[in-house]
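Q: Sending over a structure as structure tokens; questions will come in a sec.
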Amino acid sequence: MKRVKVGIASFAHMHAFSYAQVLKEMGNVEIAGFCDLDEARAKRVVEEFKIPRVPTYEALAAQDDLDAVLVTTETIHHVEAALAAMERGKHVIVEKPIATRLDDATRMIDAAARHGVKLFQCYPCRYHPSAQKAKDAIASGEAGDILGITSTNHGRMPDPRDPATAWFTSRQLAGGGAVMDHATHAADLMFWFTGWTPRHVFGIARRLFHGGIDCDDAGMVLVSFENGAAASIDPSWSRPEAYPTWGDLTMVVYGTKMTIWIDMFNQNIDVFSGARGRAAEWRPFGSDANRSMLEHYVRAIADDLPPPVSGGDGLRALKVAILAYESNDKGTHVAW
Amino acid sequence: MNGTKTKLALMGFGFMGRIHARNITSHPDADLVAAFSALESDRAEIERLGARFYSDWRELIADEPADAVVVATPTFTHGEMALAAFDRGLHVFLEKPMERSSDAAARINAAARKKGLSLGLGHVLRFDGEYVAIKEQATSGAVGAKMARCTRRGPPPGWASWFLDEEKSGTVILDLSIHDIDFMCWLAGKPPAWVSAEASPIPSGGKPFFGISHVVLDFGPGDGLELGFAEASWAAASSYPFSTSIEIAGKSGLIACSIPGKHPLETYTASGRVATNAYERDGYYNEIDDFIKSIAGGRPPKVTGEDGLLAVRTCLAALESAKRHETIAMEGFP
């Protein structure tokens with residue numbers, strides 16, 4: 001396979017660290033450099049990954065032989081970092097959600113088309129074996145007609161005092177709170193499984209659990225579809241510190257021939273060490289969806305194939321969250 | 001009652017009727033004196049229980065010297081039977097949902113009040129060990145409860161056709177989700193201010209029928225529960241065990257319980273697995289026990305007619321929301 005050179009635009013999103021590790025371990029990938037506007041974080045990245053730092057997103061993207069830029073900035077800055085790369089003819093792999101606003105997402109999609117580059121959207125849950133098997137059962141018809149879906153993507157609240165996670169609880173930088181952070185994962189899986197088009201979205205986004213933040217930490221999202229079916233997403237940051245793991249992604253898919261129950265992170269061992277005041281901690285093992293996703297994306301770049309998860313997919317999932325907030329403000333269901 | 005046993009008559013001998021028959025006959029302070037079933041084939045089983053068999057419920061109410069009736073017939077028949085029973089001075093226990101419409105439920109409440117008779121309701125979660133423990137924890141301040149999430153899933157009820165007829169059952173929302181909706185209203189200690197829902201039709205062999213529902217209850221700001229969610233489904237595959245779950249998330253923690261869940265005893269044989277609970281009495285026994293004590297002790301049952309009416313109204317608001325794709329305000333909703 002052709003060698004692929006990747007630059008990393010910011011380590012503001014903690015996934016950048018796991019993505020960088022995966023990229024580093026891939027035989028045909030070279031991390032050409034990174035840009036991070038935070039001095040302390042940039043220092044840590046240089047020490048941990050031994051990769052060169054460049055001062056701006058533009059300088060990062062300007063490197064002639066660079067193939068792609070991984071955009072893992074705060075969500076509000078996705079659009080500027082992605083456009084800087086695409087305008088310089090570089091493919092973009094962007095962390096989810098694609099942007100904080102629909103028009104920013106559209107600008108990114110348009111720029112990719114205009115500059116003839118690929119825009120990859122990170123939705124690693126699609127690459128989890130549980131989701132892959134569910135998708136196979138649905139796509140092959142084995143599950144029958146799909147009637148409805150119930151999903152959760154719970155989490156602990158990102159710690160607003162920890163510099164690594166504080167921006168997730170800033171409405172300005174993240175575009176919202178729990179609904180923006182978590183509803184999009186489940187929404188993307190739902191769309192991927194069914195191909196359905198929504199008709200209405202209902203959303204509630206509240207701050208119910210935590211102080212010291214300006215965004216929602218609890219919510220519920222309901223979606224009705226053109227075919228008359230319905231689905232729900234619980235994106236709440238409702239796992240307490242004492243919870244044995246960070247959260248969950250669960251999904252029940254009701255088919256006429258099969259009921260599919262996904263509990264994506266329910267593969268772990270119990271560790272009773274008293275760590276961080278927890279009675280038990282669940283330590284996961286097994287496959288790494290981040291790795292499977294990035295390997296697939298790098299292969300698509302090397303072999304000039306279309307993005308498996310595109311900017312359009314990112315826009316569609318973002319729209320669920322944006323409309324959920326709009327519904328919350330209006331106090332009733334809103335049209336898709 | 002002066003030490004004599006409370007004489008109960010059973011209306012309906014289907015899935016729930018048989019459960020009530022078992023609990024009444026095993027109750028030390030109750031006698032099952034009669035049972036109505038539309039099916040002649042139930043006669044032998046009813047007579048074996050020592051009860052008189054009636055194929056006409058009006059005859060039972062007119063002729064049987066009972067103290068009370070336990071109504072476990074299809075939802076839409078509850079009002080007619082309850083009113084006839086109150087008219088004869090009998091106390092009434094009604095399976096949930098109380099009735100198919102708010103009007104019918106309100107008429108039942110008015111009749112019970114007018115006659116000063118006990119009206120018990122089969123909102124069984126309020127009597128189930130798991131849910132009673134959840135309620136105690138949630139209201140103790142242990143986690144600062146703010147949001148409840150409930151699920152209730154199983155295959156379609158295959159034992160009677162009226163369940164999959166909206167006119168008769170009020171869809172999966174009124175028949176199944178009502179358990180969790182009532183429970184969350186009990187937790188919040190007040191009616192929801194707003195109700196939003198979406199639902200999926202499932203194959204019903206007839207008219208379109210909502211068999212999977214997603215209901216959001218917005219109780220509004222306050223010290224207690226603010227947000228509730230209930231999913232109910234009759235769309236699970238036949239091998240999927242009937243299961244429920246509840247989670248209460250709060251400012252300082254999380255309470256969670258799933259059924260089938262933890263059991264102190266499980267036995268396995270060639271014919272399958274049997275899980276046994278630690279409690280001797282389940283919610284179905286406890287709710288009948290509470291009703292009998294309310295008659296004997298002259299006190300209201302734990303679940304009131306107003307609770308039953310609120311549950312019906314909230315479910316009907318959810319059904320309306322799912323049809324209109326609009327949030328429904330409970331204030332002013334019939």
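A note on labels: chains of the structure tokens are A, B, ... as shown, every chain counts residues from 1, and ligands are counted from 1 in their shown order.
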Name all residues at most 9 Å from Met251 of chain A (count only C-alpha atoms; drop same-chain ones fewer than 4 positions away) and give them as a list in words.
A: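 In the requested form, the answer reads Ile149, Thr150, Ser151, Thr152, Asn153, Ala186, Met190, Ile233, Ile260, Trp261, Ile262, Asp263 and Met264 of chain A.
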Q: With C-alpha atoms retained, write the just-selected residues as an mmCIF file, in the first residue's frame.
A:
data_model
loop_
_atom_site.group_PDB
_atom_site.id
_atom_site.type_symbol
_atom_site.label_atom_id
_atom_site.label_comp_id
_atom_site.auth_asym_id
_atom_site.auth_seq_id
_atom_site.Cartn_x
_atom_site.Cartn_y
_atom_site.Cartn_z
ATOM 1 C CA ILE A 149 -34.718 1.723 17.858
ATOM 2 C CA THR A 150 -33.949 2.690 21.442
ATOM 3 C CA SER A 151 -30.467 3.866 22.315
ATOM 4 C CA THR A 152 -28.330 5.335 25.053
ATOM 5 C CA ASN A 153 -24.932 6.942 25.022
ATOM 6 C CA ALA A 186 -26.203 6.991 18.457
ATOM 7 C CA MET A 190 -29.167 4.607 13.647
ATOM 8 C CA ILE A 233 -31.568 8.543 22.220
ATOM 9 C CA ILE A 260 -30.778 -6.874 18.370
ATOM 10 C CA TRP A 261 -29.332 -5.812 21.713
ATOM 11 C CA ILE A 262 -26.051 -3.931 21.572
ATOM 12 C CA ASP A 263 -24.190 -3.060 24.762
ATOM 13 C CA MET A 264 -20.985 -2.011 23.082
#
Q: Could you pull out all residues of segment 259-289 of chain B with a DSSP call of helix (DSSP H, G or I) and give them as an MDAnalysis selection string?
A: chainID B and resid 283:289
Q: Can you work out the spacing between atom CA of Ala105 of chain B and atom CA of Pro192 of chain B in Å, to one decimal?
A: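 Atom-to-atom, atom CA of Ala105 of chain B to atom CA of Pro192 of chain B, that is 18.6 Å.
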Q: Near chain A, meaning an atom within 6 Å, which residues of chain B appear when counting only C-alpha atoms? Write them as a ChimeraX atom specification.
A: /B:198-200,236-237,249-251,253,325-327
Q: With distances taken over only C-alpha atoms, which of A:Thr245, A:Thr106, A:Thr184, A:Thr56 is nearest to Val79 of chain A?
A: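 Distance minimum relative to Val79 of chain A lands on A:Thr106.
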Q: Given the choices A:Lys118, A:Arg53, A:Lys5, A:His78, which gets closest to Ala300 of chain A if the distance is worked out from only C-alpha atoms?
A: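 Using only C-alpha atoms, the shortest distance to Ala300 of chain A belongs to A:Lys118.
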Q: Write out as a list of chain:residue names each polymer residue whose atoms come within 6 Å of segment 172-179 of chain B, counting only C-alpha atoms; drop sequence neighbours fewer than 3 positions from it.
A: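 Using only C-alpha atoms, the neighbours found are B:Asp182, B:Gly211, B:Ala232, B:Cys315.
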Q: Restricting the output to N, CA and C atoms, write the selected residues as a PDB file, in the first residue's frame.
A:
ATOM      1  N   ASP B 182     -46.775   5.614  35.588  1.00  0.00           N
ATOM      2  CA  ASP B 182     -47.343   5.784  36.932  1.00  0.00           C
ATOM      3  C   ASP B 182     -46.231   5.841  37.977  1.00  0.00           C
ATOM      4  N   GLY B 211     -46.744  -0.192  18.776  1.00  0.00           N
ATOM      5  CA  GLY B 211     -46.272  -1.280  19.618  1.00  0.00           C
ATOM      6  C   GLY B 211     -44.928  -1.011  20.263  1.00  0.00           C
ATOM      7  N   ALA B 232     -41.442   1.437  25.967  1.00  0.00           N
ATOM      8  CA  ALA B 232     -42.156   0.173  26.125  1.00  0.00           C
ATOM      9  C   ALA B 232     -42.257  -0.481  24.758  1.00  0.00           C
ATOM     10  N   CYS B 315     -50.826   8.836  29.918  1.00  0.00           N
ATOM     11  CA  CYS B 315     -50.624   7.914  28.784  1.00  0.00           C
ATOM     12  C   CYS B 315     -51.378   8.393  27.554  1.00  0.00           C
TER      13      CYS B 315
END
Q: Just the number, please: distance in Å from atom CA of Thr194 of chain A to atom CA of Asp303 of chain A, one decimal.
A: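 Result for atom CA of Thr194 of chain A versus atom CA of Asp303 of chain A: 27.8 Å, one decimal.
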Q: What is the distance between atom CA of Glu59 of chain B and atom CA of Gly17 of chain B, in Å to one decimal?
A: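 So the answer is 18.3 Å.
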Q: Counting only C-alpha atoms, which residue out of B:Pro221, B:Gly261, B:Gly154, B:Gly12 sits closest to Met81 of chain B?
A: B:Gly12
Q: Got a sec: who's within 9 Å of Lys168 of chain B, counting only C-alpha atoms, leaving out chain neighbours fewer than 3 positions off, as a PyMOL selection string?
A: chain B and resi 74-77+100+162-165+171
Q: Considering only C-alpha atoms, return as a PyMOL selection string whatever protein or nucleic-acid residues lie within 9 Å of segment 85-91 of chain A, sequence-local ones (same chain, fewer than 4 positions apart) excluded.
A: chain A and resi 57-58+60-64+66-70+80-81+108+111-112+114-120+301
Q: Got a sec to tell me which of segment 51-111 of chain A DSSP assigns to strand (DSSP E or B), as a list in words?
A: Arg53, Ala68, Val69, Leu70, Val71, His91, Val92, Ile93 and Val94 of chain A
Q: Selection from above, C-alpha atoms, as a PDB file, in the first residue's frame, can you write it?
A:
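Here's the written file again-v3.pdb:
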ATOM      1  CA  ARG A  53       5.367  20.860  15.889  1.00  0.00           C
ATOM      2  CA  ALA A  68      -4.291  14.285   5.035  1.00  0.00           C
ATOM      3  CA  VAL A  69      -4.937  16.288   8.180  1.00  0.00           C
ATOM      4  CA  LEU A  70      -6.577  14.793  11.239  1.00  0.00           C
ATOM      5  CA  VAL A  71      -8.704  17.535  12.806  1.00  0.00           C
ATOM      6  CA  HIS A  91      -7.851  15.203   2.729  1.00  0.00           C
ATOM      7  CA  VAL A  92      -9.410  15.719   6.145  1.00  0.00           C
ATOM      8  CA  ILE A  93     -10.307  13.243   8.874  1.00  0.00           C
ATOM      9  CA  VAL A  94     -12.487  15.148  11.331  1.00  0.00           C
TER      10      VAL A  94
END
Q: Give the answer as one residue: which of B:Tyr284, B:Ser252, B:Phe13, B:Asp42 has the shortest atom-to-atom distance to Lys146 of chain B, using only C-alpha atoms?
A: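 The closest residue to Lys146 of chain B is B:Ser252.
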